[in-house]
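S.K.: One file: final15.txt (compact mmCIF, C-alpha atoms).
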```
# COMPACT_ATOMS: atom_id res chain seq x y z
CA MET A 1 -7.89 0.29 -15.43
CA SER A 2 -11.67 0.39 -15.86
CA GLU A 3 -13.90 2.37 -13.55
CA VAL A 4 -16.24 0.71 -11.09
CA LYS A 5 -19.77 2.01 -10.64
CA ILE A 6 -20.99 2.06 -7.06
CA SER A 7 -23.94 3.63 -5.24
CA ALA A 8 -23.65 5.63 -2.04
CA GLU A 9 -25.95 7.04 0.61
CA PRO A 10 -25.59 10.47 2.24
CA ARG A 11 -24.31 10.10 5.80
CA THR A 12 -25.86 12.24 8.52
CA GLU A 13 -24.47 10.50 11.63
CA PHE A 14 -20.91 11.27 12.66
CA GLY A 15 -18.53 10.33 15.44
CA LYS A 16 -17.58 6.84 16.62
CA GLY A 17 -21.16 5.86 17.44
CA GLY A 18 -22.46 6.89 14.04
CA ALA A 19 -19.59 5.12 12.29
CA ARG A 20 -20.28 1.90 14.20
CA ARG A 21 -23.97 2.00 13.28
CA THR A 22 -23.03 2.61 9.63
CA ARG A 23 -20.72 -0.41 9.60
CA ARG A 24 -23.32 -2.61 11.34
CA ALA A 25 -25.68 -1.73 8.48
CA GLY A 26 -23.21 -3.22 6.00
CA LEU A 27 -21.82 0.12 4.88
CA VAL A 28 -18.41 1.81 4.95
CA PRO A 29 -18.19 5.42 6.22
CA ALA A 30 -16.47 7.63 3.64
CA VAL A 31 -15.79 11.25 2.78
CA LEU A 32 -15.61 12.63 -0.76
CA TYR A 33 -13.63 15.83 -1.47
CA GLY A 34 -11.37 17.63 -3.93
CA HIS A 35 -11.44 20.09 -6.84
CA GLY A 36 -12.65 22.83 -4.53
CA GLU A 37 -15.83 20.95 -3.66
CA LYS A 38 -17.18 20.92 -0.13
CA PRO A 39 -16.51 17.54 1.56
CA VAL A 40 -19.46 15.17 1.28
CA HIS A 41 -19.93 12.45 3.90
CA ILE A 42 -21.27 9.24 2.37
CA ALA A 43 -21.67 5.53 3.11
CA LEU A 44 -20.57 2.89 0.59
CA PRO A 45 -21.86 -0.70 0.35
CA ALA A 46 -19.15 -2.69 2.14
CA ARG A 47 -19.28 -5.85 0.02
CA GLU A 48 -19.23 -4.03 -3.30
CA PHE A 49 -16.39 -1.76 -2.21
CA ALA A 50 -14.31 -4.66 -0.87
CA ALA A 51 -14.86 -6.68 -4.07
CA ALA A 52 -13.77 -3.73 -6.23
CA ILE A 53 -10.57 -3.19 -4.21
CA ARG A 54 -9.83 -6.91 -4.19
CA HIS A 55 -10.23 -7.12 -7.96
CA GLY A 56 -8.77 -3.79 -9.10
CA GLY A 57 -6.43 -2.80 -6.27
CA LEU A 58 -6.14 0.33 -4.17
CA ASN A 59 -6.01 2.59 -7.23
CA THR A 60 -9.46 1.62 -8.48
CA VAL A 61 -11.41 4.59 -9.86
CA PHE A 62 -15.04 4.68 -8.71
CA THR A 63 -18.01 6.28 -10.41
CA ILE A 64 -20.08 7.16 -7.35
CA ASP A 65 -23.81 7.69 -7.67
CA ILE A 66 -24.99 9.38 -4.49
CA VAL A 67 -28.68 9.01 -3.68
CA GLY A 68 -30.42 12.35 -4.14
CA ALA A 69 -27.49 13.96 -5.99
CA SER A 70 -27.53 15.07 -9.61
CA GLY A 71 -25.00 13.15 -11.69
CA ALA A 72 -22.23 10.75 -10.70
CA THR A 73 -18.78 11.64 -9.39
CA LEU A 74 -15.43 10.07 -10.32
CA ALA A 75 -13.22 9.42 -7.31
CA LEU A 76 -10.06 7.63 -6.30
CA PRO A 77 -9.30 6.18 -2.82
CA LYS A 78 -6.83 8.48 -1.10
CA ALA A 79 -6.67 6.83 2.34
CA ILE A 80 -8.23 3.59 3.54
CA GLN A 81 -8.51 2.55 7.19
CA ARG A 82 -8.82 -1.20 7.62
CA ASP A 83 -9.36 -3.45 10.61
CA PRO A 84 -6.68 -6.17 10.23
CA ILE A 85 -8.40 -8.50 12.70
CA LYS A 86 -11.93 -8.31 11.33
CA ASP A 87 -10.63 -7.81 7.77
CA THR A 88 -13.14 -5.01 7.23
CA TYR A 89 -12.90 -1.42 6.02
CA GLU A 90 -13.34 1.18 8.76
CA HIS A 91 -13.27 4.40 6.74
CA VAL A 92 -12.36 5.66 3.27
CA ASP A 93 -11.16 9.05 2.02
CA LEU A 94 -12.04 9.55 -1.66
CA ILE A 95 -10.58 12.32 -3.80
CA ILE A 96 -12.52 13.63 -6.78
CA VAL A 97 -10.81 13.22 -10.18
CA LYS A 98 -11.67 14.31 -13.70
CA ARG A 99 -11.32 12.44 -16.97
CA GLY A 100 -8.05 13.39 -18.64
CA GLU A 101 -6.59 14.66 -15.38
CA LYS A 102 -3.19 13.35 -14.28
CA VAL A 103 -2.84 12.17 -10.69
CA GLN A 104 -0.04 10.80 -8.54
CA VAL A 105 -0.51 7.32 -7.08
CA ASP A 106 1.59 4.64 -5.39
CA VAL A 107 1.62 1.47 -7.49
CA PRO A 108 2.62 -1.96 -6.05
CA VAL A 109 5.91 -3.41 -7.31
CA THR A 110 6.48 -7.17 -7.46
CA LEU A 111 9.96 -8.69 -7.82
CA THR A 112 10.08 -11.74 -10.07
CA GLY A 113 12.72 -14.42 -10.58
CA GLU A 114 15.58 -15.37 -8.27
CA ALA A 115 18.80 -13.52 -7.57
CA ALA A 116 22.15 -15.35 -7.72
CA ARG A 117 22.93 -18.05 -5.18
CA ASN A 118 24.05 -17.04 -1.70
CA THR A 119 22.42 -13.64 -1.91
CA LEU A 120 19.73 -11.89 0.08
CA VAL A 121 17.17 -9.55 -1.49
CA VAL A 122 16.04 -6.68 0.74
CA ASN A 123 12.93 -4.73 -0.26
CA GLU A 124 13.42 -1.00 0.34
CA SER A 125 9.97 -0.13 -1.03
CA THR A 126 7.07 -2.27 -2.24
CA THR A 127 5.42 0.60 -4.14
CA LEU A 128 6.48 3.15 -6.74
CA ALA A 129 5.03 6.67 -7.02
CA VAL A 130 4.01 7.54 -10.58
CA VAL A 131 1.92 10.14 -12.39
CA ALA A 132 -0.71 8.91 -14.82
CA GLU A 133 -4.08 9.81 -16.33
CA ALA A 134 -6.81 9.13 -13.80
CA MET A 135 -8.67 6.68 -16.01
CA HIS A 136 -5.55 4.76 -17.05
CA LEU A 137 -3.79 4.00 -13.78
CA PRO A 138 -1.48 0.95 -13.72
CA SER A 139 -2.51 -1.72 -11.23
CA GLY A 140 1.02 -3.00 -10.63
CA PHE A 141 4.57 -3.33 -11.91
CA GLU A 142 6.89 -6.34 -12.18
CA VAL A 143 10.68 -6.17 -12.13
CA SER A 144 12.95 -9.17 -12.71
CA ILE A 145 15.81 -9.84 -10.30
CA GLU A 146 16.79 -13.04 -12.07
CA GLY A 147 20.50 -13.74 -11.65
CA LEU A 148 21.36 -10.44 -9.94
CA GLU A 149 24.61 -10.63 -7.99
CA ALA A 150 25.40 -9.22 -4.55
CA GLY A 151 25.81 -5.45 -4.72
CA ALA A 152 23.14 -4.98 -7.37
CA GLN A 153 20.22 -2.60 -6.86
CA VAL A 154 16.76 -2.39 -8.35
CA THR A 155 15.81 1.25 -8.94
CA ALA A 156 12.84 3.14 -10.33
CA ALA A 157 14.67 3.33 -13.65
CA ASP A 158 14.45 -0.47 -13.95
CA VAL A 159 10.64 -0.38 -14.02
CA GLN A 160 9.14 -0.54 -17.50
CA LEU A 161 6.43 2.12 -17.53
CA PRO A 162 3.39 1.98 -19.83
CA SER A 163 2.82 4.79 -22.31
CA GLY A 164 1.56 7.94 -20.58
CA VAL A 165 2.94 6.99 -17.15
CA GLU A 166 5.79 8.99 -15.62
CA LEU A 167 7.93 8.56 -12.53
CA ALA A 168 7.07 10.79 -9.57
CA VAL A 169 10.45 9.99 -7.97
CA GLU A 170 14.05 10.17 -9.11
CA PRO A 171 15.19 7.33 -11.41
CA GLU A 172 17.80 6.43 -8.75
CA TYR A 173 15.07 5.73 -6.18
CA VAL A 174 15.97 2.32 -4.71
CA LEU A 175 13.31 -0.39 -4.61
CA ALA A 176 15.48 -3.37 -3.61
CA ILE A 177 19.08 -4.24 -2.75
CA VAL A 178 20.83 -7.54 -3.37
CA SER A 179 23.39 -8.32 -0.67
CA GLN A 180 25.66 -11.24 0.15
CA ALA A 181 23.94 -13.80 2.34
CA GLN A 182 25.81 -15.04 5.39
CA THR A 183 27.12 -18.60 5.22
CA ALA A 184 26.29 -21.24 7.81
CA GLU A 185 29.87 -20.97 9.10
CA GLN A 186 29.52 -17.20 9.59
CA LEU A 187 26.24 -17.61 11.44
CA GLU A 188 27.74 -20.33 13.66
CA GLY A 189 30.73 -18.07 14.33
CA GLU A 190 28.49 -15.19 15.42
CA THR A 191 26.51 -17.53 17.68
CA ALA A 192 29.70 -18.85 19.26
CA GLU A 193 31.07 -15.33 19.84
CA GLY A 194 27.78 -14.31 21.43
CA GLY A 195 27.90 -17.33 23.72
CA GLU A 196 31.48 -16.60 24.76
CA GLY A 197 30.55 -12.98 25.52
CA GLU A 198 27.68 -14.07 27.71
CA THR A 199 29.90 -16.57 29.53
CA ALA A 200 32.55 -13.92 30.18
CA GLU A 201 29.95 -11.50 31.51
CA GLY A 202 28.54 -14.25 33.74
CA GLU A 203 32.00 -15.09 35.15
CA THR A 204 32.65 -11.37 35.84
CA ALA A 205 29.36 -11.05 37.65
CA GLU A 206 30.06 -14.15 39.73
CA ALA A 207 33.52 -12.86 40.66
CA ALA A 208 32.09 -9.53 41.73
CA THR A 209 29.51 -11.33 43.87
CA GLU A 210 32.19 -13.43 45.60
CA GLU A 211 34.22 -10.30 46.44
```
Using the file provided, produce a representation of the structure as structure tokens.

M.R.:
Amino acid sequence: MSEVKISAEPRTEFGKGGARRTRRAGLVPAVLYGHGEKPVHIALPAREFAAAIRHGGLNTVFTIDIVGASGATLALPKAIQRDPIKDTYEHVDLIIVKRGEKVQVDVPVTLTGEAARNTLVVNESTTLAVVAEAMHLPSGFEVSIEGLEAGAQVTAADVQLPSGVELAVEPEYVLAIVSQAQTAEQLEGETAEGGEGETAEGETAEAATEE
């Protein structure tokens, strides 16, 4: 994964009011910390940040050039607050990383293919925690479920990891489970049983009322 260069401004206003004014100016409030450095409050250009995340994913490494600071800083998003209604970024926590340093990140996992007929695939986790060099973080993994029968599981061990990437969880960590799907007859049977139960309860209540 390549790094993305982005400029940032020092942030001097804090609290909800300051954050709102920062966002109205087209910027995203952020804090930069790690490696024993004192936290630095900055503001990132909203459009550039959103475009970088959209293109490279949540594990995009940024080279941040802060106005007035000497030299750029490498950083990785640690926590992102997003407004789901406005589809905007509210706040970003960025952790400082160094070239050659290994970091732990959660990488999205996509299931490909189709399991056997009459089965249901249940996602237990859509991400996988791995350890990798900060400048070579995987953007995503794909695992095939083609033809898997009921009872099968997709685990961390089934993910093909690139060179230099290690699991941060046990190989038995379950990502997805393939179970037997209910037939139309079974679903109809459950519906009928539920209806009978409701009818019986209704008759009991009516009898109690009459007494």

S.K.: Select, from A:Tyr173, A:Phe14, A:Phe49, A:Tyr89, the residue with the minimum atom-to-atom distance to A:Val61, counting all atoms listed in the file.

M.R.: A:Phe49

S.K.: Give me the residues near stretch 148-161 of chain A as a ChimeraX atom specification, where near means some atom within 8 Å (using all atoms listed in the file) and where sequence neighbours in that chain fewer than 4 positions away do not count.

M.R.: /A:114-116,119-120,128,141-143,165-167,169-180

S.K.: Any chance you could export the current selection's C-alpha atoms as an mmCIF file, keeping the file's coordinate frame?

M.R.:
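Result file is again06.cif:
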```cif
data_model
loop_
_atom_site.group_PDB
_atom_site.id
_atom_site.type_symbol
_atom_site.label_atom_id
_atom_site.label_comp_id
_atom_site.auth_asym_id
_atom_site.auth_seq_id
_atom_site.Cartn_x
_atom_site.Cartn_y
_atom_site.Cartn_z
ATOM 1 C CA GLU A 114 15.580 -15.370 -8.270
ATOM 2 C CA ALA A 115 18.800 -13.520 -7.570
ATOM 3 C CA ALA A 116 22.150 -15.350 -7.720
ATOM 4 C CA THR A 119 22.420 -13.640 -1.910
ATOM 5 C CA LEU A 120 19.730 -11.890 0.080
ATOM 6 C CA LEU A 128 6.480 3.150 -6.740
ATOM 7 C CA PHE A 141 4.570 -3.330 -11.910
ATOM 8 C CA GLU A 142 6.890 -6.340 -12.180
ATOM 9 C CA VAL A 143 10.680 -6.170 -12.130
ATOM 10 C CA VAL A 165 2.940 6.990 -17.150
ATOM 11 C CA GLU A 166 5.790 8.990 -15.620
ATOM 12 C CA LEU A 167 7.930 8.560 -12.530
ATOM 13 C CA VAL A 169 10.450 9.990 -7.970
ATOM 14 C CA GLU A 170 14.050 10.170 -9.110
ATOM 15 C CA PRO A 171 15.190 7.330 -11.410
ATOM 16 C CA GLU A 172 17.800 6.430 -8.750
ATOM 17 C CA TYR A 173 15.070 5.730 -6.180
ATOM 18 C CA VAL A 174 15.970 2.320 -4.710
ATOM 19 C CA LEU A 175 13.310 -0.390 -4.610
ATOM 20 C CA ALA A 176 15.480 -3.370 -3.610
ATOM 21 C CA ILE A 177 19.080 -4.240 -2.750
ATOM 22 C CA VAL A 178 20.830 -7.540 -3.370
ATOM 23 C CA SER A 179 23.390 -8.320 -0.670
ATOM 24 C CA GLN A 180 25.660 -11.240 0.150
#
```

S.K.: Rounded to one decimal, what separation in Å do you get between atom CA of A:Arg99 and atom CA of A:His35?

M.R.: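 Atom CA of A:Arg99 sits 12.7 Å away from atom CA of A:His35.
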
S.K.: Go through A:Gly17, A:Ala50, A:Lys78, A:Pro10 one by one, measure the shortest atom-to-atom distance of each to A:Ile95 using only C-alpha atoms, and give the residue with the smallest value.

M.R.: A:Lys78

S.K.: One decimal, Å: what's the distance from atom CA of A:Ser7 over to atom CA of A:Pro45, could you say?

M.R.: 7.4 Å

S.K.: Considering all atoms listed in the file, can you say which of A:Ile145, A:Ala129, A:Val67, A:Val28 comes closest to A:Gln81?

M.R.: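 Of A:Ile145, A:Ala129, A:Val67, A:Val28, the one nearest A:Gln81 is A:Val28, counting all atoms listed in the file.
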
S.K.: Please put the answer as lines of an AutoDock Vina configuration file: centre and edge lengths, in Å with one decimal, of a box along x, y and z that encloses all listed atoms of stretch 69-74 of chain A plus 3 Å on each side.

M.R.:
```
center_x = -21.5
center_y = 12.6
center_z = -8.8
size_x = 18.1
size_y = 11.0
size_z = 11.7
```

S.K.: For a test of reading the model, state the distance in Å between atom CA of A:Leu74 and atom CA of A:Gly56, rounded to one decimal.

M.R.: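 Computing it gives 15.4 Å between the two atoms.
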
S.K.: Which is closer to A:Val109 than all the others in A:Ser70, A:Thr88, A:Thr126, A:Thr12, using all atoms listed in the file?

M.R.: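 Ranking A:Ser70, A:Thr88, A:Thr126, A:Thr12 by distance to A:Val109, first place goes to A:Thr126.
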
S.K.: Write out as a list in words which residues come within 9 Å of A:Gly100 when counting all atoms listed in the file, dropping same-chain ones fewer than 5 positions away.

M.R.: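 Once the nearby chain positions are removed, what remains is Glu133, Ala134 and Met135 of chain A.
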
S.K.: Nearest to A:Ile96 among A:Val122, A:Ala46, A:Ala75, A:Ile64, with distances taken over all atoms listed in the file: which residue is it?

M.R.: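 Going through A:Val122, A:Ala46, A:Ala75, A:Ile64 one by one, the smallest distance to A:Ile96 is for A:Ala75.
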